[in-house]
Every structure is written in structure tokens, then in C-alpha cells.
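Here's the structure, in C-alpha cells; my notes come after.
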Amino acid sequence: MTTTQEAVTAAERCIAEFRRDPHPVYAHLRDAAPVCPMKPPHGNETYLITRYEDARAALSDPRLSKDMYGAMDAYRRIFGDSSVALDDNMLNSDAPKHTRLRRLVNSAFTPRRVEALRPRIEEVVQSLLDACPTREPFDLLPAFAFPLPITVICDLLGVPPEDRSRLQQLSTTVAQTGFGEEFKRAQQKAEEDLHAFFTDLIAAKRAHPGDDMLSALTAVRDNDGGLTENELVSTAFLLMFAGHKTTAYLIGNAVHHLLTHPVQLRAVRERPELIRAAVEELVRYDGSVESATFRYATEDVEYNGTRIPKGALVQIALSSANRDPRKFTAPDELDVMRPGNAQDAHLGFGHGSHYCLGAPLARMETQLAITRLFDRFPGMALADPGGGPRWLEVPFPAFRGLAELPVVLEPAG
Ligand code: HEM
């Protein structure tokens with residue numbers, strides 16, 4: 001008979017295996033159960049969508065709502081009460097509220113406005129690379145991949161430098177997935193602290209406005225009532241939260257895959273104009289957001305012959321859709337010269353009205369990070385090439401990313 005400990009060990013092994021490489025499971029699901037009923041630990045009836053065409057349709061299906069106030073019971077069961085205040089933002093709303101909140105910040109993230117940030121991003125990249133040790137192993141994630149996007153988004157929002165590491169710690173706690181009372185209490189405390197942090201920061205911007213996005217949004221709130229105080233706090237939180245770990249993990253995944261695919265790396269280094277296409281391919285191949293945020297069915301809907309009942313949650317596996325052979329030829333191969341891999345071919349930044357607002361910024365940061373890193377350290381290598389990567393291992397991670405990326409940098413020349 002199997003003991004509880006043996007069962008737990010076996011389950012942990014399965015989870016570790018899935019984290020290491022989720023694609024065999026996704027491939028099986030796409031063929032055998034493309035709209036798969038699941039029983040996640042929160043107990044809410046949930047359906048997992050894994051094929052590209054279904055995923056793309058579901059991401060823009062108005063019958064699949066993002067308004068968590070409509071799904072309040074399910075939402076509370078999963079996230080508890082306190083996150084509601086922080087989540088009063090565009091990602092958790094449908095039109096017309098979604099349209100109103102998104103329009104307020106959209107203009108700051110157009111490709112043209114983002115292009116204006118290029119010199120500052122270059123400067124941050126170079127100063128982080130200046131500080132990296134050479135000829136000895138170190139972890140590239142905390143030294144480079146994480147500080148780059150957090151610095152850029154905090155600059156943009158106007159978060160003072162002395163507050164940034166605390167902000168990063170709090171958002172790490174909020175990002176963790178888990179269950180149980182102790183876990184919920186710690187997460188609730190971090191959410192309350194984040195709420196208080198942004199409330200105080202907004203008060204400071206009111207008193208002393210700066211040339212930053214939070215000052216601009218505070219002025220919109222005060223002058224024409226374009227958003228409520230709570231929406232303002234939650235929008236600031238969303239931009240900070242969505243804007244840093246996503247990009248940090250993508251940079252880590254991208255560097256890892258380029259180092260383990262030397263032919264692809266050589267192509268990018270020899271033809272710098274390939275960097276845009278290469279980043280799209282890296283997002284498709286192993287993007288940092290494995291599944292979209294959950295949606296819930298406001299009525300019975302049918303996908304691929306499976307009925308999703310009203311009230312059920314829907315999880316859309318972007319990583320699976322991006323490897324669907326019905327859409328991509330040889331999907332399990334990394335090919336930076338893949339024909340037709342335009343920005344909107346993959347679903348790594350989502351699709352439809354909730355399409356990633358920060359995609360132009362994320363693209364620029366990742367393109368610059370990779371280009372400058374390999375320009376400056378062409379002899380860079382994994383510190384332990386035989387050791388295999390260590391992926392984040394929580395059972396239902398919001399992110400697909402590495403737990404560490406030990407490398408050795410050899411300076412050029
Ligand atoms: C590689 C980096 C990134 C990836 C892979 C990514 C991915 C995504 C995805 C998949 C969604 C849609 C979620 C859904 O429909 O459930 C999304 C939404 C969003 N992202 Fe990103 N993101 C990245 C970087 C950023 C950055 C840098 C920012 C901001 C500065 C940002 C801000 C947002 C916002 C505000 C939304 C919500 C949009 C809405 O609801 O209309 N993201 N992102």
C-alpha cells in the first residue's frame with residue numbers, strides 16, 4: 001500500500017517533471033482533451049484550453065469575463081478578500097470599465113513613447129553589466145534580469161529608488177501561489193502593505209507632482225475624475241507588478257535558450273537585425289507567462305465540443321497554444337528565422353482587448369538586454385552546462401521562469 005509520504009513524493013516528482021518540461025503534457029492534452037476539465041486545489045470547476053485556435057478565440061470571447069466582481073465567490077475562494085482592493089484595475093474588468101481604465105494609461109506605452117525610453121534603458125543595461133563579475137560563476141537573474149525591468153518601471157511610475165527593493169520583496173510574496181491559512185495570511189499582509197505603499201506614494205505625488213506616470217494619473221483622478229482612488233492605487237500596482245517579473249523571467253529564459261542553442265545565438269550575433277524576430281520566437285518558444293489570467297463563463301459556452309458551464313473558470317495555456325503544430329511548423333524547435341513569426345502570430349502577450357499593454361516596452365527591454373549582454377560578453381557560458389536548468393517549481397505558477405541562471409562572463413578581447 002502507498003503511504004502518504006510516498007504519494008506526496010510521487011506527486012512532487014510529477015510536478016517537478018512538469019515544471020522542467022510541461023510540453024509533453026500539453027501535447028497530450030491538445031490531442032486527447034483540448035478543453036480539459038480540472039480540479040485545482042481551490043475546488044472551483046475549471047477548464048484548461050490548450051489548442052491555439054481555441055486559445056485565441058477564448059482570449060477575446062466576451063462570454064468569458066475578466067470582471068472578478070462578477071465572479072466574486074470563486075475569486076474569494078482562490079485569492080481571499082484583500083486582493084480585491086488591489087485588483088480593481090483593467091486586467092480584472094470588462095468593457096466599458098476596461099476601456100476607460102486602459103485608455104488612461106495606453107498613451108504612455110505606444111511604440112513611439114516607448115522608443116523615447118531607449119537611452120535610459122541602454123544606460124540601465126550598461127550600468128548593470130558594469131557591475132557583473134567576470135570569470136567567476138554568478139546568478140544572472142538577481143544581477144541583471146530582475147533589476148533591469150524593475151528599474152525601468154519604477155522610473156516610469158516615479159517610485160523613489162530607496163523604496164524599490166521593498167516593493168520587489170512585497171510583490172514577490174504576492175506573486176507566490178499557494179494554499180493554507182499561514183500562506184494566505186502572509187500574502188494578505190503583503191497586499192495590505194502594497195496598498196498602503198501606493199496610497200502614500202500617490203499622496204506624495206499629489207503634494208509634489210513630478211514628471212512621471214503616477215503624477216499624471218493622479219492629476220487625471222483629481223482634475224476630471226477619470227478613475228476612483230482605489231482604481232488609481234490598483235492601476236499603479238498592476239503596472240509595477242505586470243511590468244517587472246514578466247520581463248525579468250523572459251530575459252532569463254531567452255538567455256538560457258540562446259546559450260543552449262549555439263546556432264541560433266550565432267545567427268543573432270552575426271545578423272543584429274534579427275533581434276526583433278528572435279525575441280518574438282523566444283516568447284513563442286518559452287515565454288514567461290505560461291497561462292493567461294483566469295476568465296469565467298457568464299453563460300454556458302462550447303469549445304471544441306466541450307460544454308463549459310456558466311460560472312466555471314477558464315484557464316488558457318498560452319505556452320501550449322504557442323507550441324500547437326496545427327499553427328506552427330516544427331513548434332518544438334527554436335528558430336529565430338522562423339518564417340512569418342510576426343508579433344501577433346504567437347499568443348505570448350495574450351490577444352484581444354486585454355492584449356499586453358506593456359508589450360512594446362517588454363520587447364525593447366528584452367531586445368536591448370540580449371544584444372548588449374552578448375556584445376559585451378561574447379564568450380559568456382552557463383556555469384554548469386551539464387547541470388540542467390532549475391525552473392520555478394510551484395505547482396501552478398503564474399510565470400514560466402528559471403529559479404536561477406548561473407553563468408560565467410568572459411569579457412570581449
Ligand atoms: C515579457 C514580458 C511580458 C509578458 C510575457 C506579458 C504578458 C501579458 C499577457 C499574456 C497579458 C494578458 C493576460 C490575460 O489576458 O489574461 C498581459 C496583460 C497586461 N500586461 Fe503584460 N506582459 C509582459 C510585460 C509587461 C510590461 C513591461 C507591462 C507594463 C509596463 C505589462 C503590463 C500589462 C498590463 C497592464 C496588462 C493588462 C492589460 C489589460 O487588461 O487590458 N506587461 N501581459
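To be explicit about the labels: the chains of the C-alpha cells are called A, B, and onward in the order shown, and within each one the residues are counted from 1, while ligands get numbers from 1 in the order they are shown.
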With a cut-off of 6 Å, could you pull out the residues of chain A touching ligand 1 and give me the nearest pair of atoms for each, distance in Å to one decimal, using only C-alpha atoms and all ligand atoms, ordered by chain and ascending number, as JSON lines?
{"residue": "A:Met90", "atom": "CA", "partner": "ligand 1", "partner_atom_place_in_ligand_line": "40 (O)", "distance": 4.6}
{"residue": "A:Leu91", "atom": "CA", "partner": "ligand 1", "partner_atom_place_in_ligand_line": "40 (O)", "distance": 3.2}
{"residue": "A:Arg102", "atom": "CA", "partner": "ligand 1", "partner_atom_place_in_ligand_line": "41 (O)", "distance": 5.9}
{"residue": "A:Leu238", "atom": "CA", "partner": "ligand 1", "partner_atom_place_in_ligand_line": "35 (C)", "distance": 5.9}
{"residue": "A:Leu239", "atom": "CA", "partner": "ligand 1", "partner_atom_place_in_ligand_line": "29 (C)", "distance": 4.9}
{"residue": "A:Ala242", "atom": "CA", "partner": "ligand 1", "partner_atom_place_in_ligand_line": "31 (C)", "distance": 4.5}
{"residue": "A:Gly243", "atom": "CA", "partner": "ligand 1", "partner_atom_place_in_ligand_line": "26 (C)", "distance": 3.5}
{"residue": "A:His244", "atom": "CA", "partner": "ligand 1", "partner_atom_place_in_ligand_line": "27 (C)", "distance": 6.0}
{"residue": "A:Thr246", "atom": "CA", "partner": "ligand 1", "partner_atom_place_in_ligand_line": "2 (C)", "distance": 4.2}
{"residue": "A:Thr247", "atom": "CA", "partner": "ligand 1", "partner_atom_place_in_ligand_line": "2 (C)", "distance": 3.8}
{"residue": "A:Leu250", "atom": "CA", "partner": "ligand 1", "partner_atom_place_in_ligand_line": "1 (C)", "distance": 5.2}
{"residue": "A:Gly287", "atom": "CA", "partner": "ligand 1", "partner_atom_place_in_ligand_line": "5 (C)", "distance": 5.8}
{"residue": "A:Ser288", "atom": "CA", "partner": "ligand 1", "partner_atom_place_in_ligand_line": "5 (C)", "distance": 5.0}
{"residue": "A:Val289", "atom": "CA", "partner": "ligand 1", "partner_atom_place_in_ligand_line": "5 (C)", "distance": 5.0}
{"residue": "A:Ala292", "atom": "CA", "partner": "ligand 1", "partner_atom_place_in_ligand_line": "16 (O)", "distance": 3.8}
{"residue": "A:Thr293", "atom": "CA", "partner": "ligand 1", "partner_atom_place_in_ligand_line": "16 (O)", "distance": 3.7}
{"residue": "A:Gly348", "atom": "CA", "partner": "ligand 1", "partner_atom_place_in_ligand_line": "10 (C)", "distance": 5.4}
{"residue": "A:Phe349", "atom": "CA", "partner": "ligand 1", "partner_atom_place_in_ligand_line": "10 (C)", "distance": 3.9}
{"residue": "A:Gly350", "atom": "CA", "partner": "ligand 1", "partner_atom_place_in_ligand_line": "10 (C)", "distance": 4.0}
{"residue": "A:Ser353", "atom": "CA", "partner": "ligand 1", "partner_atom_place_in_ligand_line": "41 (O)", "distance": 5.7}
{"residue": "A:His354", "atom": "CA", "partner": "ligand 1", "partner_atom_place_in_ligand_line": "41 (O)", "distance": 3.4}
{"residue": "A:Tyr355", "atom": "CA", "partner": "ligand 1", "partner_atom_place_in_ligand_line": "12 (C)", "distance": 5.1}
{"residue": "A:Cys356", "atom": "CA", "partner": "ligand 1", "partner_atom_place_in_ligand_line": "18 (C)", "distance": 3.6}
{"residue": "A:Leu357", "atom": "CA", "partner": "ligand 1", "partner_atom_place_in_ligand_line": "33 (C)", "distance": 4.6}
{"residue": "A:Gly358", "atom": "CA", "partner": "ligand 1", "partner_atom_place_in_ligand_line": "28 (C)", "distance": 3.5}
{"residue": "A:Ala359", "atom": "CA", "partner": "ligand 1", "partner_atom_place_in_ligand_line": "24 (C)", "distance": 5.5}
{"residue": "A:Leu361", "atom": "CA", "partner": "ligand 1", "partner_atom_place_in_ligand_line": "27 (C)", "distance": 5.4}
{"residue": "A:Ala362", "atom": "CA", "partner": "ligand 1", "partner_atom_place_in_ligand_line": "27 (C)", "distance": 4.5}
Taking the DSSP assignment computed from this structure's backbone, write out as a list in words all residues of region 46-243 of chain A that belong to strand (DSSP E).
->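 Reading the DSSP output for region 46-243 of chain A, strand (DSSP E) covers Thr46, Tyr47, Leu48, Ile49, Leu64, Ser65, Phe138 and Asp139 of chain A.
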Selected residues, N, CA and C atoms, written as a PDB file, in the first residue's frame, please.
ATOM      1  N   THR A  46     -12.966  24.131 -13.264  1.00  0.00           N
ATOM      2  CA  THR A  46     -12.079  24.893 -14.159  1.00  0.00           C
ATOM      3  C   THR A  46     -11.815  24.084 -15.423  1.00  0.00           C
ATOM      4  N   TYR A  47     -11.702  24.773 -16.559  1.00  0.00           N
ATOM      5  CA  TYR A  47     -11.413  24.106 -17.835  1.00  0.00           C
ATOM      6  C   TYR A  47     -10.124  24.688 -18.404  1.00  0.00           C
ATOM      7  N   LEU A  48      -9.242  23.794 -18.854  1.00  0.00           N
ATOM      8  CA  LEU A  48      -7.947  24.221 -19.395  1.00  0.00           C
ATOM      9  C   LEU A  48      -7.980  24.119 -20.922  1.00  0.00           C
ATOM     10  N   ILE A  49      -7.700  25.218 -21.591  1.00  0.00           N
ATOM     11  CA  ILE A  49      -7.708  25.258 -23.057  1.00  0.00           C
ATOM     12  C   ILE A  49      -6.270  25.209 -23.554  1.00  0.00           C
ATOM     13  N   LEU A  64     -16.600  35.082 -21.906  1.00  0.00           N
ATOM     14  CA  LEU A  64     -15.630  34.695 -20.864  1.00  0.00           C
ATOM     15  C   LEU A  64     -15.155  35.988 -20.215  1.00  0.00           C
ATOM     16  N   SER A  65     -15.672  36.237 -19.038  1.00  0.00           N
ATOM     17  CA  SER A  65     -15.482  37.541 -18.417  1.00  0.00           C
ATOM     18  C   SER A  65     -14.183  37.621 -17.619  1.00  0.00           C
ATOM     19  N   PHE A 138      28.161  33.383 -11.333  1.00  0.00           N
ATOM     20  CA  PHE A 138      27.200  34.170 -10.551  1.00  0.00           C
ATOM     21  C   PHE A 138      25.825  34.006 -11.196  1.00  0.00           C
ATOM     22  N   ASP A 139      24.806  34.381 -10.449  1.00  0.00           N
ATOM     23  CA  ASP A 139      23.426  34.209 -10.923  1.00  0.00           C
ATOM     24  C   ASP A 139      22.990  35.467 -11.690  1.00  0.00           C
TER      25      ASP A 139
END
Contacts of region 157-161 of chain A at 6 Å or less, counting only C-alpha atoms, minus same-chain residues fewer than 6 places along, as a list in words?
-> Asp212, Met213 and Leu214 of chain A
Just the selected residues (all heavy atoms), exported as an mmCIF file, in the first residue's frame, please.
data_model
loop_
_atom_site.group_PDB
_atom_site.id
_atom_site.type_symbol
_atom_site.label_atom_id
_atom_site.label_comp_id
_atom_site.auth_asym_id
_atom_site.auth_seq_id
_atom_site.Cartn_x
_atom_site.Cartn_y
_atom_site.Cartn_z
ATOM 1 N N ASP A 212 6.295 62.087 -13.955
ATOM 2 C CA ASP A 212 6.194 60.628 -14.013
ATOM 3 C C ASP A 212 4.738 60.214 -14.198
ATOM 4 O O ASP A 212 3.826 61.036 -14.072
ATOM 5 C CB ASP A 212 6.772 60.005 -12.731
ATOM 6 C CG ASP A 212 6.115 60.558 -11.496
ATOM 7 O OD1 ASP A 212 4.908 60.317 -11.313
ATOM 8 O OD2 ASP A 212 6.787 61.248 -10.698
ATOM 9 N N MET A 213 4.538 58.928 -14.490
ATOM 10 C CA MET A 213 3.198 58.470 -14.843
ATOM 11 C C MET A 213 2.223 58.505 -13.663
ATOM 12 O O MET A 213 1.049 58.800 -13.834
ATOM 13 C CB MET A 213 3.283 57.043 -15.389
ATOM 14 C CG MET A 213 2.015 56.662 -16.103
ATOM 15 S SD MET A 213 1.966 54.945 -16.454
ATOM 16 C CE MET A 213 3.016 54.901 -17.765
ATOM 17 N N LEU A 214 2.728 58.227 -12.473
ATOM 18 C CA LEU A 214 1.816 58.233 -11.329
ATOM 19 C C LEU A 214 1.328 59.654 -11.025
ATOM 20 O O LEU A 214 0.160 59.869 -10.685
ATOM 21 C CB LEU A 214 2.504 57.611 -10.106
ATOM 22 C CG LEU A 214 1.581 57.124 -9.010
ATOM 23 C CD1 LEU A 214 0.463 56.243 -9.546
ATOM 24 C CD2 LEU A 214 2.362 56.360 -7.958
#
So which residues touch region 312-319 of chain A within 10 Å, counting only C-alpha atoms, skipping near sequence neighbours fewer than 6 positions away, as a ChimeraX atom specification?
-> /A:22-23,26,35-38,44-52,54-56,58-59,64-65,71,74-75,283-301,346-350,400
Between CA of His351 (chain A) and CA of Phe328 (chain A), what is the spacing in Å?
->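 About the pair CA of Phe328 (chain A) and CA of His351 (chain A): they are 17.0 Å apart.
Take the candidates A:Pro309, A:Pro360, A:Pro142, A:Pro406 and check each one against Gly388 (chain A) using only C-alpha atoms; the shortest distance goes to A:Pro406.
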Tell me which of A:Ser127, A:Thr134, A:Asn106, A:Asn89 sits closest to Val407 (chain A), counting only C-alpha atoms.
->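 Among the listed residues, A:Thr134 lies closest to Val407 (chain A).
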Nearest to Phe237 (chain A): which of A:Asp87, A:Ala203, A:Cys132, A:Gly210 is it, counting only C-alpha atoms?
->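 Ranked by minimum distance to Phe237 (chain A), first place goes to A:Asp87.
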One decimal, Å: what's the distance from CA of Gly386 (chain A) over to CA of Leu368 (chain A), could you say?
->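 Going from CA of Gly386 (chain A) over to CA of Leu368 (chain A) covers 28.1 Å.
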Distance criterion (only C-alpha atoms): nearest to Ser107 (chain A) out of A:Ala216, A:Ala190, A:Ala175, A:Val255 =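 Going through A:Ala216, A:Ala190, A:Ala175, A:Val255 one by one, the smallest distance to Ser107 (chain A) is for A:Ala216.
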Determine which residues of region 225-316 of chain A receive a DSSP assignment of helix (DSSP H, G or I), computed from the backbone, and state them as a PyMOL selection string.
-> chain A and resi 229-259+262-270+272-286
Can you work out the spacing between CA of His256 (chain A) and CA of Ala381 (chain A) in Å, to one decimal?
->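 The value is 9.4 Å.
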Which residues come within 8 Å of region 219-230 of chain A, counting only C-alpha atoms, excluding same-chain residues fewer than 6 positions away, as a PyMOL selection string?
-> chain A and resi 85-86+88+100-101+104+206
Pick from A:Phe146, A:Phe18, A:Phe374, A:Phe399: nearest to Glu270 (chain A), with only C-alpha atoms counted?
-> A:Phe374
